[in-house]
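One file, model_20.csv, carrying CSV, C-alpha atoms:
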chain,number,residue,atom,x,y,z
J,27,MET,CA,56.2,-50.2,1.8
J,28,THR,CA,56.3,-51.6,-1.6
J,29,SER,CA,58.2,-50.1,-4.5
J,30,SER,CA,55.0,-49.1,-6.3
J,31,ALA,CA,53.9,-47.1,-3.2
J,32,ARG,CA,57.3,-45.3,-3.0
J,33,GLY,CA,57.1,-44.6,-6.7
J,34,TRP,CA,53.8,-42.8,-6.3
J,35,TRP,CA,55.2,-40.5,-3.6
J,36,ARG,CA,58.3,-39.8,-5.7
J,37,SER,CA,56.4,-39.1,-8.9
J,38,ASN,CA,54.0,-36.7,-7.0
J,39,ALA,CA,56.6,-35.0,-4.8
J,40,LEU,CA,56.5,-31.7,-6.6
J,41,ALA,CA,52.7,-31.5,-6.5
J,42,LEU,CA,52.6,-32.5,-2.9
J,43,GLY,CA,55.2,-29.9,-2.0
J,44,LEU,CA,53.2,-27.2,-3.8
J,45,VAL,CA,50.0,-28.2,-2.0
J,46,THR,CA,51.9,-28.1,1.3
J,47,VAL,CA,52.9,-24.5,0.6
J,48,LEU,CA,49.9,-23.1,-1.3
J,49,LEU,CA,47.1,-24.5,0.9
J,50,PRO,CA,48.3,-22.6,4.1
J,51,ALA,CA,49.1,-19.5,1.9
J,52,THR,CA,45.5,-19.5,0.5
J,53,VAL,CA,43.9,-19.9,4.0
J,54,LEU,CA,46.1,-17.1,5.4
J,55,GLY,CA,45.4,-14.9,2.3
J,56,ILE,CA,41.6,-15.3,2.7
J,57,GLY,CA,41.8,-14.6,6.4
J,58,TRP,CA,43.9,-11.4,5.9
J,59,TRP,CA,41.4,-10.2,3.2
J,60,GLN,CA,38.5,-10.6,5.6
J,61,TRP,CA,40.4,-9.0,8.5
J,62,LYS,CA,41.4,-6.0,6.3
J,63,TYR,CA,37.9,-5.2,5.4
J,64,ALA,CA,36.5,-5.6,8.9
J,65,TYR,CA,39.0,-3.5,10.8
J,66,PRO,CA,41.0,-0.3,10.5
J,67,ASP,CA,42.4,0.8,7.3
J,68,SER,CA,39.7,-1.0,5.5
J,69,GLY,CA,38.0,2.0,4.1
J,70,GLN,CA,34.7,1.0,5.7
J,71,PRO,CA,33.1,3.6,8.1
J,72,ILE,CA,33.5,2.1,11.5
J,73,TRP,CA,34.3,4.8,14.0
J,74,ALA,CA,32.3,8.0,14.3
J,75,VAL,CA,34.2,11.1,15.2
J,76,GLU,CA,31.8,13.6,16.8
J,77,PRO,CA,32.5,17.3,17.4
J,78,GLY,CA,33.6,18.8,20.6
J,79,ALA,CA,32.5,22.0,22.2
J,80,SER,CA,33.5,24.0,19.1
J,81,GLY,CA,31.0,22.1,17.0
J,82,THR,CA,33.9,21.1,14.6
J,83,VAL,CA,35.9,18.0,13.8
J,84,ASP,CA,39.4,17.9,12.3
J,85,LEU,CA,39.7,14.9,10.0
J,86,GLN,CA,41.4,14.2,6.7
J,87,GLU,CA,43.1,17.6,6.2
J,88,ALA,CA,39.9,19.5,6.8
J,89,THR,CA,37.8,21.0,9.6
J,90,TRP,CA,34.2,19.9,9.3
J,91,GLY,CA,31.5,22.0,10.9
J,92,PRO,CA,29.7,23.6,12.5
J,93,VAL,CA,26.5,22.2,11.1
J,94,ARG,CA,23.1,24.0,10.7
J,95,ALA,CA,19.8,22.2,10.1
J,96,LYS,CA,16.2,23.4,9.7
J,97,GLU,CA,12.9,22.1,8.4
J,98,VAL,CA,11.8,24.1,5.3
J,99,SER,CA,8.1,24.8,5.2
J,100,ASP,CA,8.0,26.8,2.0
J,101,THR,CA,8.5,24.2,-0.8
J,102,LYS,CA,6.8,26.0,-3.6
J,103,GLY,CA,8.4,25.3,-7.0
J,104,LEU,CA,10.0,22.1,-5.8
J,105,ASP,CA,9.1,18.5,-6.8
J,106,MET,CA,8.1,17.5,-3.3
J,107,PRO,CA,6.3,14.2,-2.8
J,108,ARG,CA,3.1,14.2,-0.8
J,109,ASN,CA,3.4,13.2,2.9
J,110,ALA,CA,7.0,14.4,3.0
J,111,LYS,CA,9.0,17.2,4.5
J,112,LEU,CA,12.2,18.9,3.6
J,113,ILE,CA,15.1,19.1,6.0
J,114,LEU,CA,17.9,21.4,4.9
J,115,VAL,CA,21.4,20.9,6.3
J,116,GLY,CA,24.5,23.0,5.9
J,117,VAL,CA,28.0,21.6,6.8
J,118,LYS,CA,30.9,24.0,6.7
J,119,VAL,CA,34.1,22.6,5.3
J,120,THR,CA,37.4,24.3,5.8
J,121,PRO,CA,40.4,22.6,4.1
J,122,THR,CA,43.6,22.7,6.2
J,123,ALA,CA,45.8,21.6,3.3
J,124,ASP,CA,46.3,23.0,-0.2
J,125,LYS,CA,44.1,20.3,-1.7
J,126,GLY,CA,40.4,20.0,-0.6
J,127,PRO,CA,39.2,16.8,1.0
J,128,GLY,CA,37.1,14.2,-1.0
J,129,CYS,CA,34.1,12.6,0.5
J,130,TRP,CA,31.2,10.3,-0.2
J,131,ALA,CA,27.7,11.7,-0.3
J,132,PRO,CA,26.7,12.8,3.2
J,133,LYS,CA,23.8,10.9,4.8
J,134,LEU,CA,21.0,11.9,7.1
J,135,VAL,CA,20.3,9.1,9.7
J,136,GLU,CA,17.4,8.9,12.0
J,137,LYS,CA,18.9,8.1,15.4
J,138,SER,CA,16.0,6.1,16.7
J,139,THR,CA,15.6,3.7,13.7
J,140,GLY,CA,18.8,4.0,11.7
J,141,ARG,CA,16.8,4.9,8.5
J,142,VAL,CA,19.1,6.7,6.0
J,143,TRP,CA,18.4,9.4,3.4
J,144,LEU,CA,20.7,10.9,0.8
J,145,SER,CA,20.6,14.4,-0.5
J,146,ALA,CA,17.8,14.9,-3.0
J,147,ARG,CA,18.8,18.1,-4.9
J,148,THR,CA,18.1,16.7,-8.4
J,149,GLU,CA,15.0,14.9,-7.3
J,150,LEU,CA,13.6,18.2,-6.1
J,151,GLY,CA,14.3,19.8,-9.5
J,152,LEU,CA,17.2,21.9,-8.3
J,153,LEU,CA,20.2,22.3,-10.6
J,154,TRP,CA,23.9,22.0,-9.5
J,155,ASP,CA,25.1,25.3,-8.0
J,156,ASP,CA,28.8,25.9,-7.4
J,157,GLU,CA,27.9,28.2,-4.4
J,158,GLU,CA,25.8,25.4,-2.8
J,159,PRO,CA,27.6,22.1,-3.4
J,160,GLU,CA,26.1,18.9,-2.0
J,161,ASP,CA,29.4,16.9,-2.1
J,162,CYS,CA,33.0,17.7,-1.5
J,163,VAL,CA,34.5,20.2,-3.9
J,164,PRO,CA,37.7,18.9,-5.5
J,165,THR,CA,40.6,21.2,-6.4
J,166,LEU,CA,42.5,21.3,-9.6
J,167,GLU,CA,46.2,21.0,-9.7
J,168,GLY,CA,47.8,24.3,-8.6
J,169,GLU,CA,44.6,25.7,-7.0
J,170,LYS,CA,44.4,26.3,-3.3
J,171,ALA,CA,41.3,24.9,-1.6
J,172,GLU,CA,39.0,27.5,-0.1
J,173,PRO,CA,36.4,27.0,2.6
J,174,TYR,CA,32.8,26.3,1.5
J,175,GLU,CA,29.5,24.9,2.9
J,176,LEU,CA,27.8,21.7,1.8
J,177,VAL,CA,24.1,22.4,1.2
J,178,LEU,CA,22.2,19.2,1.7
J,179,PRO,CA,18.4,19.0,1.1
J,180,TYR,CA,16.9,15.8,2.5
J,181,VAL,CA,13.3,14.7,1.8
J,182,VAL,CA,11.9,12.6,4.6
J,183,PRO,CA,8.5,11.2,5.4
J,184,ASP,CA,6.1,13.4,7.5
J,185,ASP,CA,6.1,11.0,10.4
J,186,VAL,CA,9.9,11.3,11.0
J,187,ARG,CA,10.6,13.4,14.0
J,188,GLY,CA,14.3,13.2,14.6
J,189,PRO,CA,16.8,13.8,16.2
J,190,PHE,CA,19.2,12.9,13.4
J,191,TRP,CA,22.9,12.4,12.6
J,192,VAL,CA,24.5,13.9,9.6
J,193,GLU,CA,27.3,11.6,8.6
J,194,VAL,CA,30.1,12.6,6.3
J,195,GLU,CA,32.6,10.0,5.1
J,196,PRO,CA,35.9,11.6,4.0
J,197,LEU,CA,38.0,9.6,1.5
J,198,PHE,CA,41.0,7.7,2.9
J,199,ALA,CA,40.0,8.5,6.6
J,200,GLU,CA,41.0,5.0,7.8
J,201,SER,CA,37.6,3.8,8.8
J,202,ARG,CA,36.6,7.0,10.5
J,203,PHE,CA,33.7,9.3,9.6
J,204,VAL,CA,32.3,12.6,10.9
J,205,ARG,CA,29.0,12.4,12.7
J,206,PHE,CA,27.1,15.6,13.7
J,207,SER,CA,23.9,15.4,15.8
J,208,VAL,CA,21.1,17.7,14.6
J,209,ASP,CA,17.5,18.2,15.6
J,210,PRO,CA,15.8,20.7,13.1

As structure tokens, the full file:
Amino acid sequence: MTSSARGWWRSNALALGLVTVLLPATVLGIGWWQWKYAYPDSGQPIWAVEPGASGTVDLQEATWGPVRAKEVSDTKGLDMPRNAKLILVGVKVTPTADKGPGCWAPKLVEKSTGRVWLSARTELGLLWDDEEPEDCVPTLEGEKAEPYELVLPYVVPDDVRGPFWVEVEPLFAESRFVRFSVDP
């Protein structure tokens, strides 16, 4: 090697050393990030926890269920679209800790197609009611969580027949979610 070639390696030794360390660290960091969001502890709902014979599921410091579902035929006074029907679902929530569980908006999923609907309380013209919450009820500091029932009105097209799943995603449930089977 000539002295000019050795000089280039010496003058760039620090930069080459950093590339040698940072390039593998970057590749490993990106790989870890992708793995974390594809597998457990990612916060993404991956594993359904379905109820046993009791019709309930214990998950994230609460007992979820049993579930009730029915098709509502009398929709007078509601802003119902034409060619649609109303399915009303009730999910009992019994906190097992002092603080009530948090959850994302429960979904109604058609088993055969995977189509998803969210609760449509405000779209129907119904106001928020503390006695009939449609999402998890948070507790204030110092309050003890009490049992309650999620009341979930879903507007679905007339041609939808069911059966359905009602899916509830508790916060911080390590990629697990509650799935109830209903056929109103």

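In this comparison, which uses only C-alpha atoms, the residue of J:Trp61, J:Tyr174, J:Trp143, J:Trp130 approaching Pro92 (chain J) most closely is J:Tyr174.
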
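CA of Ala110 (chain J) sits 17.4 Å away from CA of Thr139 (chain J).
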
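From CA of Pro189 (chain J) back to CA of Val142 (chain J), the distance works out to 12.6 Å.
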
Separation of CA of Gly57 (chain J) from CA of Gly43 (chain J), in Å and rounded to one decimal: 22.0 Å

Neighbouring residues of region 201-205 of chain J were defined as those with any atom within 12 Å, considering all atoms listed in the file; residues of the same chain fewer than 5 positions away were excluded. Please report them as a PyMOL selection string. chain J and resi 62-78+81-86+88-93+117+119+129-135+137+190-196

Could you write out that same residue set with C-alpha atoms as a CSV table (one decimal), in the frame of the given file?
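Final file, selection-v2.csv:
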chain,number,residue,atom,x,y,z
J,62,LYS,CA,41.4,-6.0,6.3
J,63,TYR,CA,37.9,-5.2,5.4
J,64,ALA,CA,36.5,-5.6,8.9
J,65,TYR,CA,39.0,-3.5,10.8
J,66,PRO,CA,41.0,-0.3,10.5
J,67,ASP,CA,42.4,0.8,7.3
J,68,SER,CA,39.7,-1.0,5.5
J,69,GLY,CA,38.0,2.0,4.1
J,70,GLN,CA,34.7,1.0,5.7
J,71,PRO,CA,33.1,3.6,8.1
J,72,ILE,CA,33.5,2.1,11.5
J,73,TRP,CA,34.3,4.8,14.0
J,74,ALA,CA,32.3,8.0,14.3
J,75,VAL,CA,34.2,11.1,15.2
J,76,GLU,CA,31.8,13.6,16.8
J,77,PRO,CA,32.5,17.3,17.4
J,78,GLY,CA,33.6,18.8,20.6
J,81,GLY,CA,31.0,22.1,17.0
J,82,THR,CA,33.9,21.1,14.6
J,83,VAL,CA,35.9,18.0,13.8
J,84,ASP,CA,39.4,17.9,12.3
J,85,LEU,CA,39.7,14.9,10.0
J,86,GLN,CA,41.4,14.2,6.7
J,88,ALA,CA,39.9,19.5,6.8
J,89,THR,CA,37.8,21.0,9.6
J,90,TRP,CA,34.2,19.9,9.3
J,91,GLY,CA,31.5,22.0,10.9
J,92,PRO,CA,29.7,23.6,12.5
J,93,VAL,CA,26.5,22.2,11.1
J,117,VAL,CA,28.0,21.6,6.8
J,119,VAL,CA,34.1,22.6,5.3
J,129,CYS,CA,34.1,12.6,0.5
J,130,TRP,CA,31.2,10.3,-0.2
J,131,ALA,CA,27.7,11.7,-0.3
J,132,PRO,CA,26.7,12.8,3.2
J,133,LYS,CA,23.8,10.9,4.8
J,134,LEU,CA,21.0,11.9,7.1
J,135,VAL,CA,20.3,9.1,9.7
J,137,LYS,CA,18.9,8.1,15.4
J,190,PHE,CA,19.2,12.9,13.4
J,191,TRP,CA,22.9,12.4,12.6
J,192,VAL,CA,24.5,13.9,9.6
J,193,GLU,CA,27.3,11.6,8.6
J,194,VAL,CA,30.1,12.6,6.3
J,195,GLU,CA,32.6,10.0,5.1
J,196,PRO,CA,35.9,11.6,4.0

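Closest approach to Glu172 (chain J) among J:Leu144, J:Gly188, J:Ala199, J:Lys118: J:Lys118, based on only C-alpha atoms.
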
Excluding same-chain residues fewer than 3 positions from Pro107 (chain J), what lies within 12 Å of it counting all atoms listed in the file, as a PDB file with C-alpha atoms, in the frame of the given file?
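Saved as result_21.pdb:
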ATOM      1  CA  THR J 101       8.500  24.200  -0.800  1.00  0.00           C
ATOM      2  CA  LYS J 102       6.800  26.000  -3.600  1.00  0.00           C
ATOM      3  CA  LEU J 104      10.000  22.100  -5.800  1.00  0.00           C
ATOM      4  CA  ALA J 110       7.000  14.400   3.000  1.00  0.00           C
ATOM      5  CA  LYS J 111       9.000  17.200   4.500  1.00  0.00           C
ATOM      6  CA  LEU J 112      12.200  18.900   3.600  1.00  0.00           C
ATOM      7  CA  ALA J 146      17.800  14.900  -3.000  1.00  0.00           C
ATOM      8  CA  GLU J 149      15.000  14.900  -7.300  1.00  0.00           C
ATOM      9  CA  LEU J 150      13.600  18.200  -6.100  1.00  0.00           C
ATOM     10  CA  GLY J 151      14.300  19.800  -9.500  1.00  0.00           C
ATOM     11  CA  TYR J 180      16.900  15.800   2.500  1.00  0.00           C
ATOM     12  CA  VAL J 181      13.300  14.700   1.800  1.00  0.00           C
ATOM     13  CA  VAL J 182      11.900  12.600   4.600  1.00  0.00           C
ATOM     14  CA  PRO J 183       8.500  11.200   5.400  1.00  0.00           C
ATOM     15  CA  ASP J 184       6.100  13.400   7.500  1.00  0.00           C
TER      16      ASP J 184
END

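Counting all atoms listed in the file, the residue from J:Leu42, J:Leu166, J:Leu54, J:Leu176 that sits nearest to Asp124 (chain J) is J:Leu166.
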
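With distances taken over all atoms listed in the file, J:Leu178 is the one residue among J:Ala41, J:Ala79, J:Leu178, J:Ile56 lying closest to Val115 (chain J).
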
As a count of residues only, please: the residues near Gly126 (chain J) (cut-off 7 Å, only C-alpha atoms, same-chain neighbours under 3 positions excluded). 6

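Closest approach to Gly103 (chain J) from the set J:Glu157, J:Leu152, J:Ser37, J:Asp185 is made by J:Leu152, with distances taken over all atoms listed in the file.
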
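With distances restricted to all atoms listed in the file, J:Pro127 is the closest residue to Lys170 (chain J) from J:Asp155, J:Ser145, J:Asp209, J:Pro127.
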